[in-house]
>>> print(open('input_12.cif').read())   # mmCIF, C-alpha atoms (C1' of nucleotides)
data_upload
loop_
_atom_site.group_PDB
_atom_site.id
_atom_site.type_symbol
_atom_site.label_atom_id
_atom_site.label_comp_id
_atom_site.auth_asym_id
_atom_site.auth_seq_id
_atom_site.Cartn_x
_atom_site.Cartn_y
_atom_site.Cartn_z
ATOM 1 C CA MET A 8 79.291 55.586 59.765
ATOM 2 C CA GLU A 9 77.537 58.568 61.155
ATOM 3 C CA SER A 10 79.887 61.212 59.859
ATOM 4 C CA ALA A 11 79.438 63.187 56.684
ATOM 5 C CA PHE A 12 82.639 61.664 55.356
ATOM 6 C CA GLY A 13 81.291 58.166 55.649
ATOM 7 C CA ILE A 14 78.141 59.161 53.824
ATOM 8 C CA ILE A 15 79.910 60.544 50.787
ATOM 9 C CA ALA A 16 82.296 57.609 50.686
ATOM 10 C CA GLU A 17 79.691 55.744 48.680
ATOM 11 C CA PRO A 18 80.008 56.391 44.918
ATOM 12 C CA ASN A 19 76.297 56.113 44.201
ATOM 13 C CA ARG A 20 75.523 58.608 46.908
ATOM 14 C CA ARG A 21 78.045 61.032 45.477
ATOM 15 C CA ALA A 22 76.455 60.541 42.083
ATOM 16 C CA ILE A 23 73.058 61.350 43.531
ATOM 17 C CA LEU A 24 74.389 64.448 45.239
ATOM 18 C CA SER A 25 76.140 65.619 42.092
ATOM 19 C CA LEU A 26 72.978 65.092 40.144
ATOM 20 C CA LEU A 27 70.973 67.084 42.655
ATOM 21 C CA ALA A 28 73.564 69.834 42.576
ATOM 22 C CA SER A 29 72.199 71.005 39.246
ATOM 23 C CA ALA A 30 68.512 70.611 40.027
ATOM 24 C CA GLU A 31 66.087 68.850 42.302
ATOM 25 C CA ARG A 32 64.808 65.488 41.089
ATOM 26 C CA SER A 33 62.307 62.805 41.914
ATOM 27 C CA VAL A 34 63.353 59.300 42.862
ATOM 28 C CA SER A 35 62.459 57.882 39.471
ATOM 29 C CA GLU A 36 64.382 60.597 37.684
ATOM 30 C CA ILE A 37 67.439 59.711 39.710
ATOM 31 C CA GLU A 38 66.833 56.054 39.064
ATOM 32 C CA LEU A 39 66.670 56.563 35.309
ATOM 33 C CA THR A 40 69.510 59.024 35.050
ATOM 34 C CA LEU A 41 71.938 57.025 37.125
ATOM 35 C CA GLY A 42 70.745 53.582 36.096
ATOM 36 C CA MET A 43 70.381 52.231 39.585
ATOM 37 C CA THR A 44 67.498 50.160 40.907
ATOM 38 C CA GLN A 45 64.675 51.947 42.640
ATOM 39 C CA PRO A 46 65.200 50.358 46.078
ATOM 40 C CA SER A 47 68.824 51.260 45.907
ATOM 41 C CA VAL A 48 68.028 54.887 45.149
ATOM 42 C CA SER A 49 65.489 55.027 47.948
ATOM 43 C CA LYS A 50 67.893 53.525 50.434
ATOM 44 C CA HIS A 51 70.680 55.884 49.544
ATOM 45 C CA LEU A 52 68.303 58.800 49.713
ATOM 46 C CA LYS A 53 67.239 57.673 53.142
ATOM 47 C CA VAL A 54 70.837 57.706 54.296
ATOM 48 C CA LEU A 55 71.417 61.099 52.724
ATOM 49 C CA ARG A 56 68.229 62.462 54.221
ATOM 50 C CA GLU A 57 68.969 61.262 57.733
ATOM 51 C CA ALA A 58 72.442 62.719 57.487
ATOM 52 C CA GLY A 59 71.051 66.061 56.379
ATOM 53 C CA PHE A 60 72.475 66.061 52.861
ATOM 54 C CA VAL A 61 69.093 66.225 51.167
ATOM 55 C CA GLU A 62 65.502 66.965 51.937
ATOM 56 C CA ALA A 63 62.356 65.827 50.189
ATOM 57 C CA ARG A 64 59.375 67.776 49.026
ATOM 58 C CA VAL A 65 56.188 65.815 48.551
ATOM 59 C CA ASP A 66 54.546 66.260 45.180
ATOM 60 C CA ALA A 67 51.591 63.896 44.885
ATOM 61 C CA GLN A 68 53.147 60.440 44.884
ATOM 62 C CA ARG A 69 56.561 61.771 44.088
ATOM 63 C CA ARG A 70 59.227 62.851 46.452
ATOM 64 C CA VAL A 71 61.322 65.556 44.960
ATOM 65 C CA TYR A 72 64.740 65.685 46.559
ATOM 66 C CA ARG A 73 67.088 68.600 46.809
ATOM 67 C CA ILE A 74 70.437 69.432 48.321
ATOM 68 C CA ARG A 75 70.915 70.699 51.814
ATOM 69 C CA PRO A 76 74.380 72.150 52.086
ATOM 70 C CA GLU A 77 75.276 71.952 55.759
ATOM 71 C CA PRO A 78 77.055 68.579 55.823
ATOM 72 C CA LEU A 79 79.003 69.439 52.709
ATOM 73 C CA MET A 80 79.957 72.726 54.272
ATOM 74 C CA ALA A 81 81.326 70.771 57.204
ATOM 75 C CA VAL A 82 83.467 68.745 54.834
ATOM 76 C CA ASP A 83 84.612 71.937 53.204
ATOM 77 C CA ALA A 84 85.518 73.327 56.604
ATOM 78 C CA TRP A 85 87.512 70.219 57.448
ATOM 79 C CA LEU A 86 89.605 70.843 54.371
ATOM 80 C CA ASP A 87 90.567 74.295 55.552
ATOM 81 C CA PRO A 88 93.782 73.413 57.409
ATOM 82 C CA PHE A 89 95.043 71.705 54.283
ATOM 83 C CA ARG A 90 94.496 74.561 51.917
ATOM 84 C CA ARG A 91 97.863 75.994 52.754
ATOM 85 C CA PHE A 92 99.289 73.031 50.853
ATOM 86 C CA TRP A 93 97.421 73.969 47.726
ATOM 87 C CA SER A 94 99.727 76.835 46.858
ATOM 88 C CA ALA A 95 102.821 74.904 47.860
ATOM 89 C CA HIS A 96 101.757 72.246 45.482
ATOM 90 C CA VAL A 97 101.487 74.732 42.668
ATOM 91 C CA ASP A 98 104.974 75.990 43.473
ATOM 92 C CA ALA A 99 106.281 72.463 43.424
ATOM 93 C CA LEU A 100 104.685 71.962 40.066
ATOM 94 C CA GLU A 101 106.318 75.048 38.689
ATOM 95 C CA ARG A 102 109.716 73.983 39.884
ATOM 96 C CA HIS A 103 109.057 70.597 38.493
ATOM 97 C CA LEU A 104 108.378 72.056 35.110
ATOM 98 C CA ASP A 105 111.906 73.432 34.944
ATOM 99 C CA ARG A 106 113.643 70.351 36.055
ATOM 100 C CA PHE A 107 113.289 67.855 38.814
ATOM 101 C CA GLU A 108 114.547 68.676 42.256
ATOM 102 C CA PRO A 109 113.861 67.413 45.788
ATOM 103 C CA ALA A 110 113.269 70.303 48.170
ATOM 104 C CA PRO A 111 110.269 70.196 50.404
ATOM 105 C CA PRO A 112 109.275 73.823 50.985
ATOM 106 C CA PRO A 113 110.782 74.108 54.497
ATOM 107 C CA LYS A 114 114.534 74.079 54.484
ATOM 108 C CA ARG A 115 115.619 70.932 56.295
ATOM 109 C CA LYS A 116 119.022 69.744 57.039
ATOM 110 C CA LYS A 117 119.947 67.065 54.605
ATOM 111 C CA ARG A 118 120.400 63.378 55.278
ATOM 112 C CA MET B 30 87.326 51.642 48.718
ATOM 113 C CA GLU B 31 89.517 53.040 46.112
ATOM 114 C CA SER B 32 88.509 56.667 46.070
ATOM 115 C CA ALA B 33 89.818 59.543 48.122
ATOM 116 C CA PHE B 34 86.413 59.799 49.744
ATOM 117 C CA GLY B 35 86.583 56.282 51.039
ATOM 118 C CA ILE B 36 90.004 56.918 52.484
ATOM 119 C CA ILE B 37 88.958 59.918 54.534
ATOM 120 C CA ALA B 38 85.807 58.185 55.684
ATOM 121 C CA GLU B 39 87.856 56.596 58.452
ATOM 122 C CA PRO B 40 88.020 58.803 61.578
ATOM 123 C CA ASN B 41 91.504 57.703 62.585
ATOM 124 C CA ARG B 42 92.817 58.491 59.148
ATOM 125 C CA ARG B 43 91.256 61.923 59.271
ATOM 126 C CA ALA B 44 92.864 62.426 62.656
ATOM 127 C CA ILE B 45 96.240 61.476 61.221
ATOM 128 C CA LEU B 46 95.804 63.820 58.307
ATOM 129 C CA SER B 47 94.723 66.669 60.554
ATOM 130 C CA LEU B 48 97.715 66.060 62.750
ATOM 131 C CA LEU B 49 100.044 66.098 59.779
ATOM 132 C CA ALA B 50 98.440 69.282 58.544
ATOM 133 C CA SER B 51 100.330 71.227 61.170
ATOM 134 C CA ALA B 52 103.654 69.467 60.859
ATOM 135 C CA GLU B 53 105.265 66.274 59.667
ATOM 136 C CA ARG B 54 105.537 63.501 62.234
ATOM 137 C CA SER B 55 107.020 60.100 62.766
ATOM 138 C CA VAL B 56 104.892 57.033 63.302
ATOM 139 C CA SER B 57 105.530 56.941 67.021
ATOM 140 C CA GLU B 58 104.666 60.608 67.381
ATOM 141 C CA ILE B 59 101.344 59.935 65.717
ATOM 142 C CA GLU B 60 100.858 56.889 67.873
ATOM 143 C CA LEU B 61 101.441 58.842 71.077
ATOM 144 C CA THR B 62 99.509 61.918 70.102
ATOM 145 C CA LEU B 63 96.434 60.091 68.900
ATOM 146 C CA GLY B 64 96.571 57.204 71.328
ATOM 147 C CA MET B 65 96.264 54.480 68.746
ATOM 148 C CA THR B 66 98.291 51.289 68.617
ATOM 149 C CA GLN B 67 101.396 51.258 66.474
ATOM 150 C CA PRO B 68 100.178 48.629 64.008
ATOM 151 C CA SER B 69 96.992 50.559 63.539
ATOM 152 C CA VAL B 70 98.915 53.731 62.769
ATOM 153 C CA SER B 71 101.149 51.902 60.328
ATOM 154 C CA LYS B 72 98.206 50.332 58.562
ATOM 155 C CA HIS B 73 96.373 53.598 58.192
ATOM 156 C CA LEU B 74 99.524 55.274 56.984
ATOM 157 C CA LYS B 75 99.931 52.568 54.406
ATOM 158 C CA VAL B 76 96.443 53.211 53.129
ATOM 159 C CA LEU B 77 97.054 56.940 53.101
ATOM 160 C CA ARG B 78 100.398 56.507 51.374
ATOM 161 C CA GLU B 79 99.064 54.242 48.655
ATOM 162 C CA ALA B 80 96.234 56.658 48.042
ATOM 163 C CA GLY B 81 98.656 59.557 47.735
ATOM 164 C CA PHE B 82 97.565 61.454 50.830
ATOM 165 C CA VAL B 83 100.948 61.271 52.523
ATOM 166 C CA GLU B 84 104.526 60.468 51.750
ATOM 167 C CA ALA B 85 107.306 59.254 54.003
ATOM 168 C CA ARG B 86 110.812 60.512 54.425
ATOM 169 C CA VAL B 87 113.282 58.046 55.895
ATOM 170 C CA ASP B 88 115.218 59.358 58.867
ATOM 171 C CA ALA B 89 117.331 56.582 60.348
ATOM 172 C CA GLN B 90 114.823 54.077 61.675
ATOM 173 C CA ARG B 91 112.042 56.568 61.588
ATOM 174 C CA ARG B 92 109.635 57.313 58.831
ATOM 175 C CA VAL B 93 108.574 60.889 58.913
ATOM 176 C CA TYR B 94 105.260 61.375 57.213
ATOM 177 C CA ARG B 95 103.919 64.502 55.626
ATOM 178 C CA ILE B 96 100.881 65.591 53.689
ATOM 179 C CA ARG B 97 100.576 65.378 49.952
ATOM 180 C CA PRO B 98 97.746 67.588 48.855
ATOM 181 C CA GLU B 99 96.576 66.120 45.561
ATOM 182 C CA PRO B 100 93.818 63.790 46.799
ATOM 183 C CA LEU B 101 92.467 66.435 49.125
ATOM 184 C CA MET B 102 92.471 68.875 46.259
ATOM 185 C CA ALA B 103 90.351 66.399 44.345
ATOM 186 C CA VAL B 104 87.863 66.327 47.195
ATOM 187 C CA ASP B 105 87.881 70.083 47.236
ATOM 188 C CA ALA B 106 87.206 70.109 43.512
ATOM 189 C CA TRP B 107 84.304 67.722 43.924
ATOM 190 C CA LEU B 108 82.712 70.189 46.321
ATOM 191 C CA ASP B 109 82.778 72.960 43.752
ATOM 192 C CA PRO B 110 79.338 72.435 42.216
ATOM 193 C CA PHE B 111 77.820 72.641 45.677
ATOM 194 C CA ARG B 112 79.398 75.912 46.677
ATOM 195 C CA ARG B 113 76.556 77.841 45.142
ATOM 196 C CA PHE B 114 74.471 76.565 48.069
ATOM 197 C CA TRP B 115 76.866 77.936 50.649
ATOM 198 C CA SER B 116 75.770 81.547 50.732
ATOM 199 C CA ALA B 117 72.192 80.784 51.608
ATOM 200 C CA HIS B 118 73.232 78.823 54.650
ATOM 201 C CA VAL B 119 76.109 80.648 56.223
ATOM 202 C CA ASP B 120 74.342 80.883 59.539
ATOM 203 C CA ALA B 121 73.384 77.250 59.505
ATOM 204 C CA LEU B 122 76.992 76.275 59.365
ATOM 205 C CA GLU B 123 77.692 77.303 62.902
ATOM 206 C CA ARG B 124 74.812 75.258 64.164
ATOM 207 C CA HIS B 125 76.103 72.211 62.382
ATOM 208 C CA LEU B 126 79.792 72.539 62.636
ATOM 209 C CA ASP B 127 80.669 72.150 66.282
ATOM 210 C CA ARG B 128 80.134 68.429 66.429
ATOM 211 C CA PHE B 129 78.344 65.810 64.435
ATOM 212 C CA GLU B 130 74.729 66.540 64.915
ATOM 213 C CA PRO B 131 72.194 63.939 65.989
ATOM 214 C CA ALA B 132 70.736 63.274 62.576
ATOM 215 C CA PRO B 133 68.147 65.987 62.116
ATOM 216 C CA PRO B 134 64.794 64.331 62.529
ATOM 217 C CA PRO B 135 62.600 64.375 59.429
ATOM 218 C CA LYS B 136 60.649 67.212 60.980
ATOM 219 C CA ARG B 137 62.064 69.560 58.412
ATOM 220 C CA LYS B 138 59.319 71.958 57.691
ATOM 221 C CA LYS B 139 58.533 74.385 54.961
ATOM 222 C CA ARG B 140 60.765 76.021 52.433
ATOM 223 C "C1'" DC C 15 127.742 41.013 66.555
ATOM 224 C "C1'" DA C 16 124.199 41.730 70.175
ATOM 225 C "C1'" DG C 17 120.581 44.204 71.745
ATOM 226 C "C1'" DG C 18 117.280 47.806 71.402
ATOM 227 C "C1'" DT C 19 114.241 50.798 68.956
ATOM 228 C "C1'" DA C 20 111.164 52.019 65.141
ATOM 229 C "C1'" DT C 21 108.094 50.503 61.777
ATOM 230 C "C1'" DA C 22 105.829 47.205 58.782
ATOM 231 C "C1'" DT C 23 103.257 42.984 57.872
ATOM 232 C "C1'" DA C 24 100.432 38.633 58.591
ATOM 233 C "C1'" DC C 25 96.594 36.463 60.326
ATOM 234 C "C1'" DC C 26 92.249 36.202 62.463
ATOM 235 C "C1'" DG C 27 87.697 37.403 64.027
ATOM 236 C "C1'" DT C 28 84.039 40.495 63.731
ATOM 237 C "C1'" DA C 29 81.003 43.952 62.423
ATOM 238 C "C1'" DC C 30 79.033 46.713 58.922
ATOM 239 C "C1'" DT C 31 77.307 48.138 54.530
ATOM 240 C "C1'" DG C 32 75.583 47.746 49.936
ATOM 241 C "C1'" DT C 33 72.727 44.825 46.854
ATOM 242 C "C1'" DG C 34 68.890 42.022 45.092
ATOM 243 C "C1'" DC C 35 64.464 40.563 45.565
ATOM 244 C "C1'" DA C 36 60.081 40.659 47.470
ATOM 245 C "C1'" DT C 37 56.689 43.270 49.535
ATOM 246 C "C1'" DA C 38 54.466 47.144 51.856
ATOM 247 C "C1'" DT C 39 52.629 51.833 51.824
ATOM 248 C "C1'" DA C 40 50.919 56.123 49.734
ATOM 249 C "C1'" DC C 41 48.560 58.545 46.335
ATOM 250 C "C1'" DG C 42 45.890 59.735 42.189
ATOM 251 C "C1'" DT C 43 42.496 58.454 38.617
ATOM 252 C "C1'" DG C 44 38.877 56.415 36.237
ATOM 253 C "C1'" DC D 14 36.874 51.211 45.070
ATOM 254 C "C1'" DA D 15 40.036 49.036 42.233
ATOM 255 C "C1'" DC D 16 44.082 49.700 39.822
ATOM 256 C "C1'" DG D 17 48.496 51.667 38.402
ATOM 257 C "C1'" DT D 18 52.255 54.376 39.686
ATOM 258 C "C1'" DA D 19 55.763 56.125 42.869
ATOM 259 C "C1'" DT D 20 58.439 55.300 46.730
ATOM 260 C "C1'" DA D 21 59.775 52.994 50.967
ATOM 261 C "C1'" DT D 22 61.057 48.955 53.695
ATOM 262 C "C1'" DG D 23 62.340 44.063 55.222
ATOM 263 C "C1'" DC D 24 65.355 40.249 54.805
ATOM 264 C "C1'" DA D 25 69.180 37.310 53.579
ATOM 265 C "C1'" DC D 26 73.691 37.358 51.686
ATOM 266 C "C1'" DA D 27 78.319 38.557 50.363
ATOM 267 C "C1'" DG D 28 82.221 41.397 50.497
ATOM 268 C "C1'" DT D 29 85.292 43.996 53.033
ATOM 269 C "C1'" DA D 30 87.534 46.943 56.245
ATOM 270 C "C1'" DC D 31 88.926 47.573 60.983
ATOM 271 C "C1'" DG D 32 91.040 46.193 65.380
ATOM 272 C "C1'" DG D 33 94.079 43.121 68.059
ATOM 273 C "C1'" DT D 34 97.995 40.255 68.754
ATOM 274 C "C1'" DA D 35 102.060 38.311 67.242
ATOM 275 C "C1'" DT D 36 105.930 38.519 64.416
ATOM 276 C "C1'" DA D 37 109.071 40.171 60.823
ATOM 277 C "C1'" DT D 38 112.221 43.663 59.021
ATOM 278 C "C1'" DA D 39 115.288 47.666 59.197
ATOM 279 C "C1'" DC D 40 118.518 50.455 61.368
ATOM 280 C "C1'" DC D 41 121.341 52.343 65.113
ATOM 281 C "C1'" DT D 42 124.633 51.899 69.022
ATOM 282 C "C1'" DG D 43 127.984 49.930 71.778
#
>>> encode(input="input_12.cif", output="structure tokens")
Amino acid sequence: MESAFGIIAEPNRRAILSLLASAERSVSEIELTLGMTQPSVSKHLKVLREAGFVEARVDAQRRVYRIRPEPLMAVDAWLDPFRRFWSAHVDALERHLDRFEPAPPPKRKKR
Amino acid sequence: MESAFGIIAEPNRRAILSLLASAERSVSEIELTLGMTQPSVSKHLKVLREAGFVEARVDAQRRVYRIRPEPLMAVDAWLDPFRRFWSAHVDALERHLDRFEPAPPPKRKKR
DNA sequence: CAGGTATATACCGTACTGTGCATATACGTG
DNA sequence: CACGTATATGCACAGTACGGTATATACCTG
């Protein structure tokens, strides 16, 4: 799946990333917190590591994992062209609060 | 795959979305521009439609598709907790962003 | 109504990915 | 050095999503 998008498609991997967003954690901490099996955590971490989402620091027998932001920044960058819809969506919501109406932002000839 | 992340994991779907980011298009326009087969385009559009990423306007025999921002906004929101990592790695973005990188070998050193 | 165009759907084969379970490796301690 | 802990890896299996081809449906035009 090679791309960053494929990596974060997996719910458990997103959970791991979200967990690491607040602080770095060892494998067993992740395992306990998220209630997944240890091999599963290790495998997901391997995928995340090889894709550059996390890196590990060795602490005795533990591997303490932490976020590396680059791939997520790439995702963020991919979203850029769509951000212009954000505000339009807010406008649409406001209009919708009054009453319902059709009207896509650009004026189009009807029919 | 259920979630917005699973939907945009597919490269062709991301291509469709990126294309629609600039302007709405009919199925055949997408087909020609992206060089995919028509059934493939229709199937991906169905997935995107059912997940709320796009909506279709009927224009005679054509279906003109356009972006709906909500699911992408959800992705954007999911990225929020990670944005605190951005600043430290602004420079690294350029290195990573051009293309998918060949998974950075585990030779990550200090820090 | 026939024929053509535009799009959607059905079916099939295949490839991939996540999981469970078992096991291997690494490290620290008594 | 043996043992316990922490993490990684190998393997078999099941589910599923994608592509391709064929076909169905919808709509327009003459």
>>> closest_residue(input="input_12.cif", among="D:DA15, D:DC26, D:DC40, D:DA21", to="chain B", atoms="all atoms listed in the file")
D:DC40
>>> residues_around(input="input_12.cif", residues="stretch 58-64 of chain B", least_positions_apart="5", cutoff="10 Å", atoms="all atoms listed in the file", output="ChimeraX atom specification")
/B:41,44-45,48-49,53,69-71,93-94
>>> resolve_selection(input="input_12.cif", expression="the PyMOL selection byres ((chain D and resi 33) around 10)", output="VMD selection string")
(chain B and resid 66 68 to 69) or (chain C and resid 26 to 27) or (chain D and resid 31 to 32 34 to 35)
>>> resolve_selection(input="input_12.cif", expression="the PyMOL selection byres ((chain D) within 10 of (chain A))", output="CSV table (one decimal) with C-alpha atoms (C1' of nucleotides), keeping the file's coordinate frame")
chain,number,residue,atom,x,y,z
D,18,DT,C1',52.3,54.4,39.7
D,19,DA,C1',55.8,56.1,42.9
D,20,DT,C1',58.4,55.3,46.7
D,21,DA,C1',59.8,53.0,51.0
D,22,DT,C1',61.1,49.0,53.7
>>> atom_distance(input="input_12.cif", atom1="atom CA of B:Phe82", atom2="atom CA of B:Ile36")
9.0 Å
>>> resolve_selection(input="input_12.cif", expression="the PyMOL selection byres ((chain A) within 9 of (chain B))", output="VMD selection string")
chain A and resid 8 to 18 24 to 25 28 to 29 56 to 59 62 64 74 to 86 88 to 93 95 to 96 118
>>> atom_distance(input="input_12.cif", atom1="atom C1' of C:DA24", atom2="atom C1' of D:DC41")
25.8 Å
>>> closest_atom_pairs(input="input_12.cif", of="chain C", to="chain A", cutoff="8 Å", atoms="all atoms listed in the file", output="CSV")
residue,atom,partner,partner_atom,distance
C:DT33,C1',A:Ser47,CA,7.6
C:DA40,C1',A:Gln68,CA,6.9
C:DC41,C1',A:Gln68,CA,5.2
C:DG42,C1',A:Ala67,CA,7.6
>>> atom_distance(input="input_12.cif", atom1="atom C1' of D:DT38", atom2="atom CA of B:Arg42")
24.4 Å
